[in-house]
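Asks: Okay, handing you the structure first.
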Amino acid sequence: MATSLREYRAKIKSTQSMKKITRAMELIAASRIVKAQQQAAAATPYARELTRAVSALATFGAVDHKLLTENPEPKRAAVLVIASDRGLAGSYSSAVLKESERLVEKLHAEGKDVDMYVTGRKAEAYFRFRQRPVVQSWTGFSDHPSYADAREVGDVLTSAFLIDPEDPETGDPEREVDELHVVFTRFRSMISQTPEVIRLLPLEVVEGEEPPAEGEVYPLYEFEPSASEVLDGLLPKYVNHRLYFCFLQAAASELAARQQAMKNATDNAEDLIQKYTRTANQARQAGITQEISEIVGGANALADATAGSE
Amino acid sequence: MAGTLHVELVSADRLLWSGEATSLLARTLDGDIGILPGHAPVMSLLADGVVEIDTEDKETWVAAVDAGFLSVAMDRVSILAESAVMSHDIDLERAKNDLSRIKSAGVDDDEAAEEVRRLEARIRAVEMAS
């Protein structure tokens with residue numbers, strides 16, 4: 001009995017130190033969510049102005065651009081999966097990966113080849129373990145993305161989309177991508193994050209400029225140097241910014257998922273500690289009872305023996 | 001034409017400056033462009049360089065902008081840049097050091113040239129503001 005009491009005490013101790021760790025991780029995640037949300041809020045003015053400019057351009061410029069044109073026979077699709085670098089975030093990464101598997105299956109069913117691009121070590125490891133080819137992967141920024149990270153990813157993806165199959169030098173029909181899908185996790189609230197798929201390319205400028213009020217006339221823009229060049233410069237920025245938005249959403253979701261997971265872990269540790277304390281007390285009491293009955297039994301035997309010898 | 005311009009200077013990760021201004025000077029791919037209230041609507045790509053904003057109370061704000069985008073419509077000016085810094089946030093010593101280091105390193109690729117252009121814009125911004 002005494003050994004098991006010691007075992008229980010050791011278990012309580014290790015659970016307590018585990019609880020300290022999970023509690024600390026919970027608090028860290030909670031404080032970083034606030035930062036992630038501020039970052040997302042700080043990025044909105046740029047998004048607003050950029051969207052306004054792009055939709056104005058698309059409405060009045062009326063120019064074609066490859067990033068806007070739908071390929072009538074899409075043959076190859078790129079999928080960007082945004083997952084986390086670290087685990088301990090509940091089902092965060094596996095939910096994204098499941099969603100991306102669904103998407104890949106759907107694209108295959110539509111007869112398209114799929115190129116995988118991934119960010120986050122978890123996604124990278126997932127595909128490496130299954131020996132599935134990944135065109136390019138980025139890691140190291142899943143919970144604190146910067147605009148530079150988004151730009152790096154965006155430049156690679158945009159250039160894959162823009163490969164001209166007719167061009168004898170850079171044209172490589174094996175690498176030309178006709179559409180780009182992004183799988184990320186949308187941050188709905190602290191307790192709800194849902195994996196989501198958006199088609200980033202070809203671009204659809206959905207958030208159109210508000211229609212002009214009565215009597216107001218839309219400005220007729222001049223373009224400098226020219227409408228197509230402005231569009232050339234602006235659209236990749238738009239793509240990069242949409243990506244940045246996805247990264248920020250994913251980061252906030254990851255932190256929220258981690259906070260939730262760590263909160264559950266802390267609660268479980270508390271339950272365990274309580275359970276172990278109770279069994280330890282029981283074992284201690286059992287030990288005492290046994291000792292008493294041994295002493296009493298010994299004393300009785302001794303009394304019987306002395307009574308017998310008299 | 002009387003009135004002021006409403007200017008918003010935003011970089012990808014935050015709003016840098018916004019307010020009313022009397023005039024604005026920026027550098028496009030074709031050359032410098034000055035914007036006064038009542039300017040015709042225009043959309044233009046900016047070259048790496050300096051944006052100068054004069055406000056009503058005779059203040060001047062200068063910012064170094066990496067290849068951005070300018071749009072003007074109905075006295076609303078928005079300047080978008082993937083990254084931009086206000087002159088008072090620029091560390092002049094560091095910019096100068098970085099610049100001389102890159103130049104002495106003698107690497108002559110696109111990346112270095114871009115970095116040089118960016119740093120020169122920053123130094124110019126500080127000099128114009130002072």
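The chains in the structure tokens are called A, B, ... from first to last as shown; in each chain the residues are counted from 1, and the ligands are counted from 1 in the order shown.
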Distance cut-off 8 Å, counting only C-alpha atoms - which residues of chain A neighbour chain B? Return them as a PDB file with N, CA and C atoms, in the first residue's frame.

Replies:
```pdb
ATOM      1  N   GLN A  39      -3.740  43.146 -35.882  1.00  0.00           N
ATOM      2  CA  GLN A  39      -3.059  43.127 -37.173  1.00  0.00           C
ATOM      3  C   GLN A  39      -4.090  43.080 -38.310  1.00  0.00           C
ATOM      4  N   ALA A  42      -5.668  46.420 -38.653  1.00  0.00           N
ATOM      5  CA  ALA A  42      -4.778  47.410 -39.249  1.00  0.00           C
ATOM      6  C   ALA A  42      -4.680  47.241 -40.752  1.00  0.00           C
ATOM      7  N   ALA A  43      -4.961  46.032 -41.232  1.00  0.00           N
ATOM      8  CA  ALA A  43      -4.823  45.779 -42.664  1.00  0.00           C
ATOM      9  C   ALA A  43      -6.070  46.175 -43.442  1.00  0.00           C
ATOM     10  N   THR A  44      -7.156  46.497 -42.753  1.00  0.00           N
ATOM     11  CA  THR A  44      -8.397  46.767 -43.490  1.00  0.00           C
ATOM     12  C   THR A  44      -8.374  48.041 -44.334  1.00  0.00           C
ATOM     13  N   PRO A  45      -7.747  49.160 -43.874  1.00  0.00           N
ATOM     14  CA  PRO A  45      -7.772  50.336 -44.750  1.00  0.00           C
ATOM     15  C   PRO A  45      -7.151  50.060 -46.113  1.00  0.00           C
ATOM     16  N   TYR A  46      -6.055  49.309 -46.107  1.00  0.00           N
ATOM     17  CA  TYR A  46      -5.404  48.968 -47.368  1.00  0.00           C
ATOM     18  C   TYR A  46      -6.347  48.143 -48.236  1.00  0.00           C
ATOM     19  N   ALA A  47      -6.992  47.165 -47.602  1.00  0.00           N
ATOM     20  CA  ALA A  47      -7.910  46.308 -48.352  1.00  0.00           C
ATOM     21  C   ALA A  47      -9.031  47.130 -48.959  1.00  0.00           C
ATOM     22  N   GLU A  49      -9.106  50.402 -49.725  1.00  0.00           N
ATOM     23  CA  GLU A  49      -8.663  51.268 -50.813  1.00  0.00           C
ATOM     24  C   GLU A  49      -8.303  50.455 -52.055  1.00  0.00           C
ATOM     25  N   LEU A  50      -7.668  49.316 -51.803  1.00  0.00           N
ATOM     26  CA  LEU A  50      -7.244  48.488 -52.926  1.00  0.00           C
ATOM     27  C   LEU A  50      -8.454  47.929 -53.671  1.00  0.00           C
ATOM     28  N   ALA A  53     -10.037  50.590 -55.730  1.00  0.00           N
ATOM     29  CA  ALA A  53      -9.281  50.892 -56.944  1.00  0.00           C
ATOM     30  C   ALA A  53      -9.454  49.795 -57.985  1.00  0.00           C
ATOM     31  N   TYR A 147       3.293  40.806 -44.004  1.00  0.00           N
ATOM     32  CA  TYR A 147       2.918  41.018 -45.398  1.00  0.00           C
ATOM     33  C   TYR A 147       3.981  40.473 -46.332  1.00  0.00           C
ATOM     34  N   PRO A 219     -16.433  58.963 -61.496  1.00  0.00           N
ATOM     35  CA  PRO A 219     -15.282  59.651 -62.084  1.00  0.00           C
ATOM     36  C   PRO A 219     -14.740  58.877 -63.278  1.00  0.00           C
ATOM     37  N   LEU A 220     -14.321  59.620 -64.243  1.00  0.00           N
ATOM     38  CA  LEU A 220     -13.723  59.007 -65.417  1.00  0.00           C
ATOM     39  C   LEU A 220     -12.213  59.111 -65.241  1.00  0.00           C
ATOM     40  N   TYR A 221     -11.616  57.996 -64.909  1.00  0.00           N
ATOM     41  CA  TYR A 221     -10.210  58.040 -64.533  1.00  0.00           C
ATOM     42  C   TYR A 221      -9.307  58.184 -65.747  1.00  0.00           C
ATOM     43  N   GLU A 222      -8.216  58.909 -65.513  1.00  0.00           N
ATOM     44  CA  GLU A 222      -7.111  58.839 -66.462  1.00  0.00           C
ATOM     45  C   GLU A 222      -6.146  57.808 -65.900  1.00  0.00           C
ATOM     46  N   PHE A 223      -5.478  57.106 -66.778  1.00  0.00           N
ATOM     47  CA  PHE A 223      -4.528  56.128 -66.289  1.00  0.00           C
ATOM     48  C   PHE A 223      -3.121  56.512 -66.698  1.00  0.00           C
ATOM     49  N   GLU A 224      -2.244  56.346 -65.763  1.00  0.00           N
ATOM     50  CA  GLU A 224      -0.880  56.691 -66.035  1.00  0.00           C
ATOM     51  C   GLU A 224       0.002  55.533 -65.590  1.00  0.00           C
ATOM     52  N   PRO A 225       0.820  54.917 -66.372  1.00  0.00           N
ATOM     53  CA  PRO A 225       1.092  55.198 -67.780  1.00  0.00           C
ATOM     54  C   PRO A 225      -0.061  54.767 -68.700  1.00  0.00           C
ATOM     55  N   VAL A 230      -1.402  49.873 -65.371  1.00  0.00           N
ATOM     56  CA  VAL A 230      -1.878  50.055 -63.995  1.00  0.00           C
ATOM     57  C   VAL A 230      -2.468  48.752 -63.475  1.00  0.00           C
ATOM     58  N   GLY A 233       0.150  46.315 -62.574  1.00  0.00           N
ATOM     59  CA  GLY A 233       0.802  46.591 -61.304  1.00  0.00           C
ATOM     60  C   GLY A 233      -0.102  46.304 -60.121  1.00  0.00           C
ATOM     61  N   LEU A 234      -1.391  46.510 -60.339  1.00  0.00           N
ATOM     62  CA  LEU A 234      -2.325  46.474 -59.217  1.00  0.00           C
ATOM     63  C   LEU A 234      -2.828  45.070 -58.880  1.00  0.00           C
ATOM     64  N   LYS A 237      -0.838  42.865 -56.594  1.00  0.00           N
ATOM     65  CA  LYS A 237      -0.936  43.379 -55.224  1.00  0.00           C
ATOM     66  C   LYS A 237      -2.244  42.933 -54.586  1.00  0.00           C
ATOM     67  N   HIS A 241      -2.656  40.685 -51.345  1.00  0.00           N
ATOM     68  CA  HIS A 241      -3.387  41.131 -50.173  1.00  0.00           C
ATOM     69  C   HIS A 241      -4.463  40.151 -49.762  1.00  0.00           C
TER      70      HIS A 241
END
```

Asks: Just list the residues in region 2-127 of chain B DSSP gives alpha helix (DSSP H) on the backbone, as a PyMOL selection string.

Replies: chain B and resi 92-105+110-127

Asks: Give me the residues near Thr4 (chain B) as a list in words, where near means some atom within 10 Å (using only C-alpha atoms) and where sequence neighbours in that chain fewer than 5 positions away do not count.

Replies: Gly19, Glu20, Ala21, Thr22, Ser23, Leu36, Pro37, Gly38, Thr55, Glu56, Asp75 and Arg76 of chain B

Asks: Print the selection's residues with N, CA and C atoms to a file, as a CSV table (one decimal), in the first residue's frame.

Replies:
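Listing of result.csv after writing:
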```
chain,number,residue,atom,x,y,z
B,19,GLY,N,-5.7,62.5,-43.6
B,19,GLY,CA,-6.1,63.8,-43.1
B,19,GLY,C,-6.4,64.7,-44.3
B,20,GLU,N,-6.6,66.0,-44.0
B,20,GLU,CA,-6.8,66.9,-45.1
B,20,GLU,C,-5.5,67.6,-45.5
B,21,ALA,N,-5.4,67.8,-46.8
B,21,ALA,CA,-4.1,68.4,-47.3
B,21,ALA,C,-4.5,69.4,-48.4
B,22,THR,N,-3.5,70.3,-48.6
B,22,THR,CA,-3.8,71.3,-49.6
B,22,THR,C,-3.1,70.9,-50.9
B,23,SER,N,-2.0,70.2,-50.8
B,23,SER,CA,-1.3,69.7,-52.0
B,23,SER,C,-0.5,68.5,-51.7
B,36,LEU,N,-3.5,69.0,-56.7
B,36,LEU,CA,-4.1,70.1,-56.0
B,36,LEU,C,-5.6,69.8,-55.9
B,37,PRO,N,-6.3,70.4,-55.0
B,37,PRO,CA,-7.8,70.2,-55.0
B,37,PRO,C,-8.4,70.4,-56.3
B,38,GLY,N,-9.3,69.6,-56.7
B,38,GLY,CA,-10.0,69.7,-58.0
B,38,GLY,C,-9.3,69.0,-59.1
B,55,THR,N,-0.2,70.1,-45.5
B,55,THR,CA,-1.5,70.2,-44.9
B,55,THR,C,-1.9,71.7,-44.8
B,56,GLU,N,-3.1,71.9,-44.3
B,56,GLU,CA,-3.7,73.3,-44.2
B,56,GLU,C,-2.9,74.1,-43.2
B,75,ASP,N,-11.4,64.8,-55.2
B,75,ASP,CA,-10.7,65.3,-54.0
B,75,ASP,C,-10.4,64.3,-53.0
B,76,ARG,N,-10.4,63.0,-53.3
B,76,ARG,CA,-10.0,62.0,-52.4
B,76,ARG,C,-8.7,61.4,-53.0
```

Asks: Would you mind listing what lies within 12 Å of Arg101 (chain B) as a PyMOL selection string, with only C-alpha atoms counted and same-chain residues fewer than 6 positions away left out?

Replies: chain B and resi 94-95+107+112+115-116+119

Asks: Determine, counting only C-alpha atoms, which protein, DNA and RNA residues have an atom within 7 Å of an atom of Val114 (chain A); residues of the same chain fewer than 4 positions away are not included. Present the result as a list in words.

Replies: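 So, after excluding close chain neighbours, the residues are Arg76, Ala77, Ala78, Val79 and Val104 of chain A.
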
Asks: Could you check how far CA of Glu204 (chain A) sits from CA of Ser55 (chain A), in Å to one decimal?

Replies: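 Separation of CA of Glu204 (chain A) and CA of Ser55 (chain A): 9.7 Å.
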
Asks: One decimal, Å: what's the distance from CA of Asp113 (chain A) over to CA of Pro202 (chain A), could you say?

Replies: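 Answer for the CA of Asp113 (chain A) to CA of Pro202 (chain A) separation: 16.6 Å.
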
Asks: Of the candidates B:Glu93, B:Asp48, B:Asp54, B:Asp32, which one gets nearest to Ala113 (chain B) if we count only C-alpha atoms?

Replies: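 Among the listed residues, the smallest separation from Ala113 (chain B) belongs to B:Asp48.
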